[in-house]
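What follows is a single structure, written as structure tokens, with notes after it.
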Amino acid sequence: MAELPRVPPEMFRFATTERADLHTALLDVLGAAAERLEPALTAGEVRDRLRDRGWYAPVGDHDLTGALRQLAGWRLVEVVFDHAAGFATAEEYERGNLRYALTAQGEAAHAGLRQASATLATATPASGGALHAAVLDAVADRLEELEALLADPDPGRDRRVFTCLRELECHLDGLRRDTVRLNGELRRLLRAGGVGVGTFHEAEAASVAYLQEFLTGLEQRGETVARALRGVAARGVGVLHTRALAGADLPRIPGTDLATPWLAARAAAWAELRQWFDPDLVPAPESGGTGSGGAERGGAGSGGGPRLRRLQEVAGETVVTLLGLLDRVTAARRPASGAAADFRALARWFATAPAEDDAHRLWDAAFGLGPARHAHLGHADAELVPAGTPWAEAGPVAVSALLRSRGRTERMGRTGRVRDVAALRAERRARAEKEHAGLEAAWRALATTGSVRLSQLGALDHDTLGRLLDLLGRALAARPDATGLRRAVTSDGRVEVVLRAPGDGAVAVLRTSEGWFRGPDYLLDVRSPGARDHGRAEGA
């Protein structure tokens, strides 16, 4: 079961007296000397170093000695007699052989003083709390390295196991401190109702942007840490602590057990690590349970599950709360507005307008109403008005009264009746049948039973001659085959002509009712496509 932390009642009494500033400066001087590995300081050395720690007021021997004795009475400073030093007089011996150093309780008080100063410094609005996603990445890296180190049984790796475990615990401590500071900053920000709207908006916007950036990928980072945590646990947490203890190389003091409290501290740190990242951690009931079970019970948060999940939920809820608070503060401080208030303000502006022209400009700005611009209308003779003429200089254009009343420029009459096209259809049908009959008659007149001379066709009517010339043109446009024949088909594919040039240079003359045609006396065969060839023409 966890015990309530207790400190000696006089440990921080130095900060509550009238000479608290001097006591704090003395502790700071002695603490800095201990960090520089100086065993103890004389009263003169303490006085000389007060200025370096920010104390500039003069301090007499009596006041300095009294303050050091007071600290010694609170068991924060120990007085050491230096019997090895040489002194000329008894007075010098009384005053000069006394040296001062911090006790263990004084070191704890000095550490608490520094921690309190650092916490207060980071709690200012200028600094603010912050959570860094890189800390989660560092925790995952250290866990993965520990898993790899545990896979190597070489005892020479124990020192690296120790340092890696300490780095992991340092990252965990930093994550815990940053979480506490951020939680406090968010509470202070939510209570910041007395600041200006502009200042609050800037602080809220910065906090929301930061939280959204931190939440990006937080779940994935948590899963990475949990996976690495399970990998180390599979190797054995006891093995980890045993090897880290061997790598720590604690001093062996007869009659003193340093290993047991060291291992207990490591076990507590590992339990806290699980409370942060282990999703399989099941909180124990509130009553009963000791040891590691109690640690597991307290770390998962009030809602169960790892603390990282609770941190993600709190951060998301804070973003929503901040946005809602900003809306409420902005709405509460915004002056009442509405159509009636706007019209009253506009009426006051009209009443205080310096001149009538100013009132017209105010009207135009407020309502945006003005004469219509009919850009689609033009002058009767558009060539008389150059395209670059300004609106004010151009002449007026006649606008139909219907444009204002009906929205159109022409009066629309009743729709006309649909014309009866039955007679037109009959006429066109008769014309098409006549054309078809003429075409059939032409093909019958031109059809041959074999190759014949052009001159053998005899007299033809004018339309039939046109069909014949069309066939001859198609055949002459085609390439001759190996036998010298030219073949062509009409556009509808019904008639095929086979043409061969006369070898004797004969000339044919065809006469019609409208004139005559004179040309080479070709050998031609007019037939349907696919009909059997009738042989070659006789003679050349």
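Ordering of the structure tokens sets the chain letters (A, B, ...), residue numbers begin anew at 1 in every chain, and ligands are numbered from 1 in the order given.
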- Item | Residues within 6 Å of range 305-316 of chain A, only C-alpha atoms, excluding chain neighbours under 6 positions, as number ranges by chain | A: 275-279
Could you write out the selected residues, including C-alpha atoms, as a tab-separated table (two decimals), in the first residue's frame?
```
chain	number	residue	atom	x	y	z
A	275	GLN	CA	0.31	2.55	-16.35
A	276	TRP	CA	1.14	4.98	-19.13
A	277	PHE	CA	1.32	2.70	-22.15
A	278	ASP	CA	0.14	-0.89	-21.48
A	279	PRO	CA	-3.38	-1.32	-22.98
```
Surrounding residues of Arg230 in chain A excluding itself and chain neighbours under 4 positions, 12 Å, only C-alpha atoms, as a CSV table (one decimal) with N, CA, C and O atoms, in the first residue's frame:
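Below you can see part_22.csv, which holds the result:
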```csv
chain,number,residue,atom,x,y,z
A,140,ALA,N,9.9,4.8,-27.0
A,140,ALA,CA,9.9,3.7,-27.9
A,140,ALA,C,11.3,3.2,-28.3
A,140,ALA,O,11.6,2.0,-28.3
A,143,LEU,N,13.0,1.4,-25.3
A,143,LEU,CA,12.4,0.1,-25.1
A,143,LEU,C,12.9,-0.9,-26.2
A,143,LEU,O,13.2,-2.1,-25.9
A,144,GLU,N,12.9,-0.5,-27.4
A,144,GLU,CA,13.4,-1.4,-28.5
A,144,GLU,C,14.9,-1.7,-28.3
A,144,GLU,O,15.3,-2.8,-28.5
A,146,LEU,N,16.4,-1.8,-25.4
A,146,LEU,CA,16.5,-2.7,-24.2
A,146,LEU,C,16.2,-4.1,-24.7
A,146,LEU,O,16.8,-5.1,-24.2
A,147,GLU,N,15.2,-4.3,-25.5
A,147,GLU,CA,14.8,-5.6,-26.0
A,147,GLU,C,16.0,-6.3,-26.8
A,147,GLU,O,16.3,-7.4,-26.6
A,223,GLU,N,0.7,2.9,-29.6
A,223,GLU,CA,0.8,1.5,-30.0
A,223,GLU,C,2.2,1.1,-30.2
A,223,GLU,O,2.6,-0.1,-29.9
A,224,THR,N,3.1,1.9,-30.8
A,224,THR,CA,4.5,1.6,-30.9
A,224,THR,C,5.2,1.3,-29.6
A,224,THR,O,5.9,0.4,-29.4
A,225,VAL,N,4.9,2.2,-28.6
A,225,VAL,CA,5.5,2.1,-27.3
A,225,VAL,C,4.9,0.8,-26.6
A,225,VAL,O,5.7,0.0,-26.0
A,226,ALA,N,3.6,0.5,-26.7
A,226,ALA,CA,3.0,-0.7,-26.1
A,226,ALA,C,3.6,-1.9,-26.7
A,226,ALA,O,3.9,-2.9,-26.0
A,234,ALA,N,8.5,-9.7,-22.6
A,234,ALA,CA,8.6,-11.1,-23.0
A,234,ALA,C,10.1,-11.6,-22.6
A,234,ALA,O,10.3,-12.8,-22.4
A,235,ARG,N,11.0,-10.7,-22.7
A,235,ARG,CA,12.4,-11.1,-22.3
A,235,ARG,C,12.5,-11.3,-20.8
A,235,ARG,O,13.5,-11.9,-20.3
A,236,GLY,N,11.6,-10.7,-20.0
A,236,GLY,CA,11.7,-10.8,-18.5
A,236,GLY,C,12.1,-9.5,-17.9
A,236,GLY,O,13.2,-9.0,-18.1
A,237,VAL,N,11.1,-8.9,-17.1
A,237,VAL,CA,11.4,-7.7,-16.4
A,237,VAL,C,12.4,-7.9,-15.3
A,237,VAL,O,13.3,-7.1,-15.0
A,273,LEU,N,5.5,2.9,-16.0
A,273,LEU,CA,5.6,2.9,-17.4
A,273,LEU,C,4.4,2.1,-18.0
A,273,LEU,O,3.8,2.4,-19.0
A,274,ARG,N,4.1,1.0,-17.3
A,274,ARG,CA,2.9,0.2,-17.8
A,274,ARG,C,1.6,1.0,-17.6
A,274,ARG,O,0.7,0.9,-18.5
A,277,PHE,N,1.3,3.2,-20.8
A,277,PHE,CA,1.3,2.7,-22.1
A,277,PHE,C,0.7,1.3,-22.3
A,277,PHE,O,0.4,0.9,-23.5
A,278,ASP,N,0.6,0.5,-21.3
A,278,ASP,CA,0.1,-0.9,-21.5
A,278,ASP,C,-1.4,-0.9,-21.6
A,278,ASP,O,-2.1,-0.7,-20.7
A,279,PRO,N,-1.9,-1.3,-22.8
A,279,PRO,CA,-3.4,-1.3,-23.0
A,279,PRO,C,-4.0,-2.5,-22.3
A,279,PRO,O,-5.2,-2.6,-22.1
A,280,ASP,N,-3.2,-3.6,-22.0
A,280,ASP,CA,-3.7,-4.8,-21.3
A,280,ASP,C,-3.8,-4.6,-19.8
A,280,ASP,O,-4.2,-5.6,-19.1
A,281,LEU,N,-3.4,-3.5,-19.3
A,281,LEU,CA,-3.4,-3.3,-17.8
A,281,LEU,C,-4.8,-3.2,-17.3
A,281,LEU,O,-5.6,-2.3,-17.7
```
Which of range 336-474 of chain A fall in alpha helix (DSSP H), as a PDB file with N, CA and C atoms, in the first residue's frame:
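Saved file states-v6.pdb follows:
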```pdb
ATOM      1  N   ALA A 339     -31.464  44.076 -37.448  1.00  0.00           N
ATOM      2  CA  ALA A 339     -31.923  44.932 -38.535  1.00  0.00           C
ATOM      3  C   ALA A 339     -32.416  46.283 -38.001  1.00  0.00           C
ATOM      4  N   ALA A 340     -33.120  46.248 -36.867  1.00  0.00           N
ATOM      5  CA  ALA A 340     -33.637  47.503 -36.317  1.00  0.00           C
ATOM      6  C   ALA A 340     -32.497  48.422 -35.876  1.00  0.00           C
ATOM      7  N   ALA A 341     -31.481  47.839 -35.207  1.00  0.00           N
ATOM      8  CA  ALA A 341     -30.343  48.659 -34.770  1.00  0.00           C
ATOM      9  C   ALA A 341     -29.573  49.214 -35.963  1.00  0.00           C
ATOM     10  N   ASP A 342     -29.445  48.405 -37.011  1.00  0.00           N
ATOM     11  CA  ASP A 342     -28.734  48.878 -38.201  1.00  0.00           C
ATOM     12  C   ASP A 342     -29.476  50.036 -38.870  1.00  0.00           C
ATOM     13  N   PHE A 343     -30.798  49.922 -38.966  1.00  0.00           N
ATOM     14  CA  PHE A 343     -31.560  50.999 -39.594  1.00  0.00           C
ATOM     15  C   PHE A 343     -31.543  52.271 -38.747  1.00  0.00           C
ATOM     16  N   ARG A 344     -31.540  52.120 -37.425  1.00  0.00           N
ATOM     17  CA  ARG A 344     -31.453  53.311 -36.578  1.00  0.00           C
ATOM     18  C   ARG A 344     -30.104  54.007 -36.758  1.00  0.00           C
ATOM     19  N   ALA A 345     -29.022  53.207 -36.838  1.00  0.00           N
ATOM     20  CA  ALA A 345     -27.705  53.813 -37.077  1.00  0.00           C
ATOM     21  C   ALA A 345     -27.662  54.487 -38.439  1.00  0.00           C
ATOM     22  N   LEU A 346     -28.293  53.870 -39.455  1.00  0.00           N
ATOM     23  CA  LEU A 346     -28.313  54.467 -40.780  1.00  0.00           C
ATOM     24  C   LEU A 346     -29.124  55.767 -40.783  1.00  0.00           C
ATOM     25  N   ALA A 347     -30.201  55.775 -40.013  1.00  0.00           N
ATOM     26  CA  ALA A 347     -31.003  57.008 -39.932  1.00  0.00           C
ATOM     27  C   ALA A 347     -30.191  58.142 -39.297  1.00  0.00           C
ATOM     28  N   ARG A 348     -29.409  57.814 -38.279  1.00  0.00           N
ATOM     29  CA  ARG A 348     -28.568  58.860 -37.674  1.00  0.00           C
ATOM     30  C   ARG A 348     -27.539  59.382 -38.672  1.00  0.00           C
ATOM     31  N   TRP A 349     -26.993  58.497 -39.485  1.00  0.00           N
ATOM     32  CA  TRP A 349     -26.021  58.946 -40.501  1.00  0.00           C
ATOM     33  C   TRP A 349     -26.693  59.858 -41.532  1.00  0.00           C
ATOM     34  N   PHE A 350     -27.927  59.493 -41.944  1.00  0.00           N
ATOM     35  CA  PHE A 350     -28.642  60.364 -42.884  1.00  0.00           C
ATOM     36  C   PHE A 350     -28.921  61.730 -42.259  1.00  0.00           C
ATOM     37  N   ALA A 351     -29.277  61.719 -40.988  1.00  0.00           N
ATOM     38  CA  ALA A 351     -29.611  62.990 -40.326  1.00  0.00           C
ATOM     39  C   ALA A 351     -28.398  63.893 -40.183  1.00  0.00           C
ATOM     40  N   GLU A 356     -26.697  67.187 -49.468  1.00  0.00           N
ATOM     41  CA  GLU A 356     -27.576  66.236 -50.139  1.00  0.00           C
ATOM     42  C   GLU A 356     -26.790  65.231 -50.960  1.00  0.00           C
ATOM     43  N   ASP A 357     -25.686  65.678 -51.595  1.00  0.00           N
ATOM     44  CA  ASP A 357     -24.859  64.741 -52.356  1.00  0.00           C
ATOM     45  C   ASP A 357     -24.285  63.651 -51.444  1.00  0.00           C
ATOM     46  N   ASP A 358     -23.911  64.034 -50.231  1.00  0.00           N
ATOM     47  CA  ASP A 358     -23.407  63.033 -49.288  1.00  0.00           C
ATOM     48  C   ASP A 358     -24.495  62.032 -48.923  1.00  0.00           C
ATOM     49  N   ALA A 359     -25.733  62.511 -48.807  1.00  0.00           N
ATOM     50  CA  ALA A 359     -26.837  61.599 -48.508  1.00  0.00           C
ATOM     51  C   ALA A 359     -27.058  60.622 -49.658  1.00  0.00           C
ATOM     52  N   HIS A 360     -26.918  61.115 -50.903  1.00  0.00           N
ATOM     53  CA  HIS A 360     -27.072  60.220 -52.062  1.00  0.00           C
ATOM     54  C   HIS A 360     -25.968  59.164 -52.077  1.00  0.00           C
ATOM     55  N   ARG A 361     -24.736  59.573 -51.766  1.00  0.00           N
ATOM     56  CA  ARG A 361     -23.648  58.587 -51.737  1.00  0.00           C
ATOM     57  C   ARG A 361     -23.864  57.565 -50.616  1.00  0.00           C
ATOM     58  N   LEU A 362     -24.402  58.013 -49.484  1.00  0.00           N
ATOM     59  CA  LEU A 362     -24.711  57.087 -48.404  1.00  0.00           C
ATOM     60  C   LEU A 362     -25.806  56.113 -48.824  1.00  0.00           C
ATOM     61  N   TRP A 363     -26.792  56.614 -49.567  1.00  0.00           N
ATOM     62  CA  TRP A 363     -27.854  55.739 -50.072  1.00  0.00           C
ATOM     63  C   TRP A 363     -27.286  54.666 -50.995  1.00  0.00           C
ATOM     64  N   ASP A 364     -26.431  55.107 -51.913  1.00  0.00           N
ATOM     65  CA  ASP A 364     -25.848  54.131 -52.846  1.00  0.00           C
ATOM     66  C   ASP A 364     -25.024  53.083 -52.105  1.00  0.00           C
ATOM     67  N   ALA A 365     -24.252  53.516 -51.097  1.00  0.00           N
ATOM     68  CA  ALA A 365     -23.409  52.567 -50.360  1.00  0.00           C
ATOM     69  C   ALA A 365     -24.240  51.623 -49.504  1.00  0.00           C
ATOM     70  N   ALA A 366     -25.361  52.098 -48.958  1.00  0.00           N
ATOM     71  CA  ALA A 366     -26.152  51.281 -48.050  1.00  0.00           C
ATOM     72  C   ALA A 366     -27.035  50.285 -48.782  1.00  0.00           C
ATOM     73  N   PHE A 367     -27.648  50.719 -49.891  1.00  0.00           N
ATOM     74  CA  PHE A 367     -28.635  49.870 -50.554  1.00  0.00           C
ATOM     75  C   PHE A 367     -28.179  49.364 -51.914  1.00  0.00           C
ATOM     76  N   ALA A 401     -41.348  49.583 -72.956  1.00  0.00           N
ATOM     77  CA  ALA A 401     -42.063  49.621 -71.678  1.00  0.00           C
ATOM     78  C   ALA A 401     -42.287  48.223 -71.120  1.00  0.00           C
ATOM     79  N   LEU A 402     -42.332  47.219 -72.014  1.00  0.00           N
ATOM     80  CA  LEU A 402     -42.522  45.846 -71.545  1.00  0.00           C
ATOM     81  C   LEU A 402     -41.328  45.358 -70.729  1.00  0.00           C
ATOM     82  N   LEU A 403     -40.142  45.958 -70.932  1.00  0.00           N
ATOM     83  CA  LEU A 403     -38.964  45.519 -70.198  1.00  0.00           C
ATOM     84  C   LEU A 403     -39.120  45.790 -68.711  1.00  0.00           C
ATOM     85  N   ARG A 404     -39.762  46.912 -68.352  1.00  0.00           N
ATOM     86  CA  ARG A 404     -39.966  47.213 -66.936  1.00  0.00           C
ATOM     87  C   ARG A 404     -41.142  46.447 -66.347  1.00  0.00           C
ATOM     88  N   SER A 405     -42.198  46.259 -67.149  1.00  0.00           N
ATOM     89  CA  SER A 405     -43.411  45.642 -66.613  1.00  0.00           C
ATOM     90  C   SER A 405     -43.395  44.116 -66.711  1.00  0.00           C
ATOM     91  N   ALA A 422     -49.489  16.733 -94.989  1.00  0.00           N
ATOM     92  CA  ALA A 422     -49.838  15.469 -95.659  1.00  0.00           C
ATOM     93  C   ALA A 422     -49.642  15.575 -97.168  1.00  0.00           C
ATOM     94  N   ALA A 423     -50.066  16.702 -97.775  1.00  0.00           N
ATOM     95  CA  ALA A 423     -49.900  16.864 -99.224  1.00  0.00           C
ATOM     96  C   ALA A 423     -48.432  16.933 -99.594  1.00  0.00           C
ATOM     97  N   LEU A 424     -47.621  17.625 -98.743  1.00  0.00           N
ATOM     98  CA  LEU A 424     -46.187  17.714 -99.011  1.00  0.00           C
ATOM     99  C   LEU A 424     -45.525  16.344 -98.949  1.00  0.00           C
ATOM    100  N   ARG A 425     -45.941  15.543 -97.985  1.00  0.00           N
ATOM    101  CA  ARG A 425     -45.387  14.197 -97.886  1.00  0.00           C
ATOM    102  C   ARG A 425     -45.750  13.362 -99.119  1.00  0.00           C
ATOM    103  N   ALA A 426     -47.004  13.484 -99.598  1.00  0.00           N
ATOM    104  CA  ALA A 426     -47.422  12.715-100.782  1.00  0.00           C
ATOM    105  C   ALA A 426     -46.629  13.150-101.998  1.00  0.00           C
ATOM    106  N   GLU A 427     -46.417  14.467-102.115  1.00  0.00           N
ATOM    107  CA  GLU A 427     -45.643  14.961-103.257  1.00  0.00           C
ATOM    108  C   GLU A 427     -44.207  14.436-103.223  1.00  0.00           C
ATOM    109  N   ARG A 428     -43.620  14.455-102.061  1.00  0.00           N
ATOM    110  CA  ARG A 428     -42.237  13.984-101.946  1.00  0.00           C
ATOM    111  C   ARG A 428     -42.152  12.483-102.180  1.00  0.00           C
ATOM    112  N   ARG A 429     -43.160  11.755-101.730  1.00  0.00           N
ATOM    113  CA  ARG A 429     -43.164  10.312-101.967  1.00  0.00           C
ATOM    114  C   ARG A 429     -43.274  10.010-103.461  1.00  0.00           C
ATOM    115  N   ALA A 430     -44.137  10.757-104.159  1.00  0.00           N
ATOM    116  CA  ALA A 430     -44.288  10.535-105.597  1.00  0.00           C
ATOM    117  C   ALA A 430     -43.007  10.883-106.336  1.00  0.00           C
ATOM    118  N   ARG A 431     -42.343  11.965-105.902  1.00  0.00           N
ATOM    119  CA  ARG A 431     -41.091  12.337-106.557  1.00  0.00           C
ATOM    120  C   ARG A 431     -40.029  11.270-106.338  1.00  0.00           C
ATOM    121  N   ALA A 432     -39.960  10.713-105.122  1.00  0.00           N
ATOM    122  CA  ALA A 432     -38.968   9.681-104.839  1.00  0.00           C
ATOM    123  C   ALA A 432     -39.236   8.422-105.650  1.00  0.00           C
ATOM    124  N   GLU A 433     -40.537   8.068-105.819  1.00  0.00           N
ATOM    125  CA  GLU A 433     -40.858   6.878-106.607  1.00  0.00           C
ATOM    126  C   GLU A 433     -40.511   7.088-108.075  1.00  0.00           C
ATOM    127  N   LYS A 434     -40.714   8.302-108.532  1.00  0.00           N
ATOM    128  CA  LYS A 434     -40.385   8.589-109.935  1.00  0.00           C
ATOM    129  C   LYS A 434     -38.877   8.508-110.167  1.00  0.00           C
ATOM    130  N   GLU A 435     -38.133   9.070-109.218  1.00  0.00           N
ATOM    131  CA  GLU A 435     -36.674   9.021-109.349  1.00  0.00           C
ATOM    132  C   GLU A 435     -36.183   7.569-109.305  1.00  0.00           C
ATOM    133  N   HIS A 436     -36.806   6.765-108.437  1.00  0.00           N
ATOM    134  CA  HIS A 436     -36.400   5.368-108.347  1.00  0.00           C
ATOM    135  C   HIS A 436     -36.712   4.621-109.648  1.00  0.00           C
ATOM    136  N   ALA A 437     -37.877   4.909-110.211  1.00  0.00           N
ATOM    137  CA  ALA A 437     -38.237   4.246-111.474  1.00  0.00           C
ATOM    138  C   ALA A 437     -37.280   4.662-112.587  1.00  0.00           C
ATOM    139  N   GLY A 438     -36.926   5.964-112.632  1.00  0.00           N
ATOM    140  CA  GLY A 438     -35.976   6.404-113.651  1.00  0.00           C
ATOM    141  C   GLY A 438     -34.626   5.749-113.480  1.00  0.00           C
ATOM    142  N   LEU A 439     -34.218   5.575-112.232  1.00  0.00           N
ATOM    143  CA  LEU A 439     -32.922   4.932-111.997  1.00  0.00           C
ATOM    144  C   LEU A 439     -32.950   3.482-112.438  1.00  0.00           C
ATOM    145  N   GLU A 440     -34.040   2.774-112.137  1.00  0.00           N
ATOM    146  CA  GLU A 440     -34.143   1.388-112.557  1.00  0.00           C
ATOM    147  C   GLU A 440     -34.154   1.290-114.084  1.00  0.00           C
ATOM    148  N   ALA A 441     -34.831   2.226-114.731  1.00  0.00           N
ATOM    149  CA  ALA A 441     -34.868   2.200-116.206  1.00  0.00           C
ATOM    150  C   ALA A 441     -33.485   2.460-116.778  1.00  0.00           C
ATOM    151  N   ALA A 442     -32.733   3.348-116.158  1.00  0.00           N
ATOM    152  CA  ALA A 442     -31.386   3.635-116.642  1.00  0.00           C
ATOM    153  C   ALA A 442     -30.489   2.418-116.505  1.00  0.00           C
ATOM    154  N   TRP A 443     -30.568   1.718-115.370  1.00  0.00           N
ATOM    155  CA  TRP A 443     -29.706   0.536-115.182  1.00  0.00           C
ATOM    156  C   TRP A 443     -30.114  -0.572-116.150  1.00  0.00           C
ATOM    157  N   ARG A 444     -31.425  -0.695-116.446  1.00  0.00           N
ATOM    158  CA  ARG A 444     -31.833  -1.707-117.422  1.00  0.00           C
ATOM    159  C   ARG A 444     -31.323  -1.362-118.812  1.00  0.00           C
ATOM    160  N   ALA A 445     -31.312  -0.057-119.159  1.00  0.00           N
ATOM    161  CA  ALA A 445     -30.833   0.346-120.485  1.00  0.00           C
ATOM    162  C   ALA A 445     -29.337   0.150-120.615  1.00  0.00           C
ATOM    163  N   LEU A 446     -28.610   0.277-119.542  1.00  0.00           N
ATOM    164  CA  LEU A 446     -27.150   0.150-119.597  1.00  0.00           C
ATOM    165  C   LEU A 446     -26.672  -1.261-119.349  1.00  0.00           C
ATOM    166  N   HIS A 462     -31.104  11.627-121.921  1.00  0.00           N
ATOM    167  CA  HIS A 462     -30.108  12.461-121.249  1.00  0.00           C
ATOM    168  C   HIS A 462     -29.780  11.933-119.842  1.00  0.00           C
ATOM    169  N   ASP A 463     -30.772  11.476-119.046  1.00  0.00           N
ATOM    170  CA  ASP A 463     -30.518  10.979-117.686  1.00  0.00           C
ATOM    171  C   ASP A 463     -29.703   9.702-117.731  1.00  0.00           C
ATOM    172  N   THR A 464     -29.996   8.808-118.682  1.00  0.00           N
ATOM    173  CA  THR A 464     -29.234   7.562-118.778  1.00  0.00           C
ATOM    174  C   THR A 464     -27.783   7.846-119.131  1.00  0.00           C
ATOM    175  N   LEU A 465     -27.566   8.828-120.048  1.00  0.00           N
ATOM    176  CA  LEU A 465     -26.193   9.193-120.373  1.00  0.00           C
ATOM    177  C   LEU A 465     -25.454   9.714-119.131  1.00  0.00           C
ATOM    178  N   GLY A 466     -26.162  10.470-118.276  1.00  0.00           N
ATOM    179  CA  GLY A 466     -25.515  10.945-117.033  1.00  0.00           C
ATOM    180  C   GLY A 466     -25.106   9.780-116.134  1.00  0.00           C
ATOM    181  N   ARG A 467     -25.961   8.751-116.029  1.00  0.00           N
ATOM    182  CA  ARG A 467     -25.608   7.578-115.221  1.00  0.00           C
ATOM    183  C   ARG A 467     -24.400   6.878-115.821  1.00  0.00           C
ATOM    184  N   LEU A 468     -24.361   6.789-117.189  1.00  0.00           N
ATOM    185  CA  LEU A 468     -23.246   6.115-117.855  1.00  0.00           C
ATOM    186  C   LEU A 468     -21.944   6.867-117.621  1.00  0.00           C
ATOM    187  N   LEU A 469     -21.996   8.178-117.732  1.00  0.00           N
ATOM    188  CA  LEU A 469     -20.776   8.954-117.506  1.00  0.00           C
ATOM    189  C   LEU A 469     -20.296   8.819-116.056  1.00  0.00           C
ATOM    190  N   ASP A 470     -21.234   8.716-115.113  1.00  0.00           N
ATOM    191  CA  ASP A 470     -20.835   8.516-113.717  1.00  0.00           C
ATOM    192  C   ASP A 470     -20.117   7.182-113.545  1.00  0.00           C
ATOM    193  N   LEU A 471     -20.620   6.115-114.228  1.00  0.00           N
ATOM    194  CA  LEU A 471     -19.953   4.813-114.153  1.00  0.00           C
ATOM    195  C   LEU A 471     -18.573   4.868-114.787  1.00  0.00           C
ATOM    196  N   LEU A 472     -18.480   5.533-115.955  1.00  0.00           N
ATOM    197  CA  LEU A 472     -17.177   5.626-116.620  1.00  0.00           C
ATOM    198  C   LEU A 472     -16.178   6.390-115.744  1.00  0.00           C
ATOM    199  N   GLY A 473     -16.654   7.466-115.095  1.00  0.00           N
ATOM    200  CA  GLY A 473     -15.755   8.224-114.220  1.00  0.00           C
ATOM    201  C   GLY A 473     -15.246   7.386-113.051  1.00  0.00           C
ATOM    202  N   ARG A 474     -16.113   6.590-112.441  1.00  0.00           N
ATOM    203  CA  ARG A 474     -15.696   5.741-111.327  1.00  0.00           C
ATOM    204  C   ARG A 474     -14.691   4.697-111.788  1.00  0.00           C
TER     205      ARG A 474
END
```
- Within 7 Å of range 479-485 of chain A, counting only C-alpha atoms, which residues qualify if same-chain residues fewer than 4 places away don't, as a list of chain:residue names? A:Val498, A:Leu499, A:Arg500
Just-selected residues, all heavy atoms written as an mmCIF file, in the first residue's frame:
```
data_model
loop_
_atom_site.group_PDB
_atom_site.id
_atom_site.type_symbol
_atom_site.label_atom_id
_atom_site.label_comp_id
_atom_site.auth_asym_id
_atom_site.auth_seq_id
_atom_site.Cartn_x
_atom_site.Cartn_y
_atom_site.Cartn_z
ATOM 1 N N VAL A 498 -17.162 -2.977 -115.580
ATOM 2 C CA VAL A 498 -15.817 -3.461 -115.912
ATOM 3 C C VAL A 498 -15.426 -2.786 -117.217
ATOM 4 O O VAL A 498 -16.114 -2.917 -118.237
ATOM 5 C CB VAL A 498 -15.782 -4.985 -116.049
ATOM 6 C CG1 VAL A 498 -14.376 -5.445 -116.386
ATOM 7 C CG2 VAL A 498 -16.296 -5.647 -114.785
ATOM 8 N N LEU A 499 -14.328 -2.053 -117.224
ATOM 9 C CA LEU A 499 -13.955 -1.188 -118.344
ATOM 10 C C LEU A 499 -12.570 -1.571 -118.841
ATOM 11 O O LEU A 499 -11.671 -1.873 -118.041
ATOM 12 C CB LEU A 499 -13.970 0.277 -117.899
ATOM 13 C CG LEU A 499 -13.748 1.321 -118.991
ATOM 14 C CD1 LEU A 499 -14.940 1.324 -119.959
ATOM 15 C CD2 LEU A 499 -13.594 2.700 -118.353
ATOM 16 N N ARG A 500 -12.444 -1.535 -120.172
ATOM 17 C CA ARG A 500 -11.149 -1.802 -120.781
ATOM 18 C C ARG A 500 -10.944 -0.847 -121.941
ATOM 19 O O ARG A 500 -11.854 -0.611 -122.753
ATOM 20 C CB ARG A 500 -11.085 -3.239 -121.299
ATOM 21 C CG ARG A 500 -9.724 -3.608 -121.895
ATOM 22 C CD ARG A 500 -9.689 -5.080 -122.241
ATOM 23 N NE ARG A 500 -8.362 -5.451 -122.737
ATOM 24 C CZ ARG A 500 -8.037 -6.683 -123.097
ATOM 25 N NH1 ARG A 500 -8.962 -7.651 -123.008
ATOM 26 N NH2 ARG A 500 -6.825 -6.953 -123.550
#
```
- Between CA of Ala228 in chain A and CA of Arg181 in chain A, what is the distance, to one decimal in Å?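 It comes out at 27.0 Å.
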- Message: Would you pick out the contacts of Trp516 in chain A at 10 Å or less, using only C-alpha atoms, so that residues sharing its chain but fewer than 5 positions from it are not included, and give the list as a PyMOL selection string?
- Response: chain A and resi 459-460+462+465+509-511
Requested write-out: C-alpha atoms of the selected residues, as a PDB file, in the first residue's frame:
```pdb
ATOM      1  CA  ALA A 459     -29.199   6.350-128.633  1.00  0.00           C
ATOM      2  CA  LEU A 460     -29.697   7.158-124.940  1.00  0.00           C
ATOM      3  CA  HIS A 462     -30.108  12.461-121.249  1.00  0.00           C
ATOM      4  CA  LEU A 465     -26.193   9.193-120.373  1.00  0.00           C
ATOM      5  CA  VAL A 509     -20.231   9.110-130.497  1.00  0.00           C
ATOM      6  CA  LEU A 510     -23.383   8.899-128.354  1.00  0.00           C
ATOM      7  CA  ARG A 511     -26.387  11.094-129.116  1.00  0.00           C
TER       8      ARG A 511
END
```
- Closest to Thr163 in chain A among A:Glu38, A:Glu78, A:Glu145, A:Asp381, using only C-alpha atoms?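 Using only C-alpha atoms, the shortest distance to Thr163 in chain A belongs to A:Glu145.
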- Message: Could you tell me how far CA of Cys170 in chain A sits from CA of Gly156 in chain A, in Å to one decimal place?
- Response: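 Those two atoms sit 23.1 Å apart.
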- For Gly73 in chain A, please output as a PyMOL selection string all residues within 12 Å (counting only C-alpha atoms; exclusion window: fewer than 4 positions along the same chain). chain A and resi 10-11+13-14+66-69+77-79+103+105-106
- Would you give me, as a list in words, the residues in range 298-535 of chain A that DSSP reads as strand (DSSP E)? Val452, Arg453, Arg486, Arg487, Ala488, Val489, Glu496, Val497, Val498, Leu499, Arg500, Val507, Ala508, Val509, Leu510, Arg511, Thr512, Gly515, Trp516, Phe517, Arg518, Gly519, Pro520, Leu523, Leu524, Asp525, Val526 and Arg527 of chain A
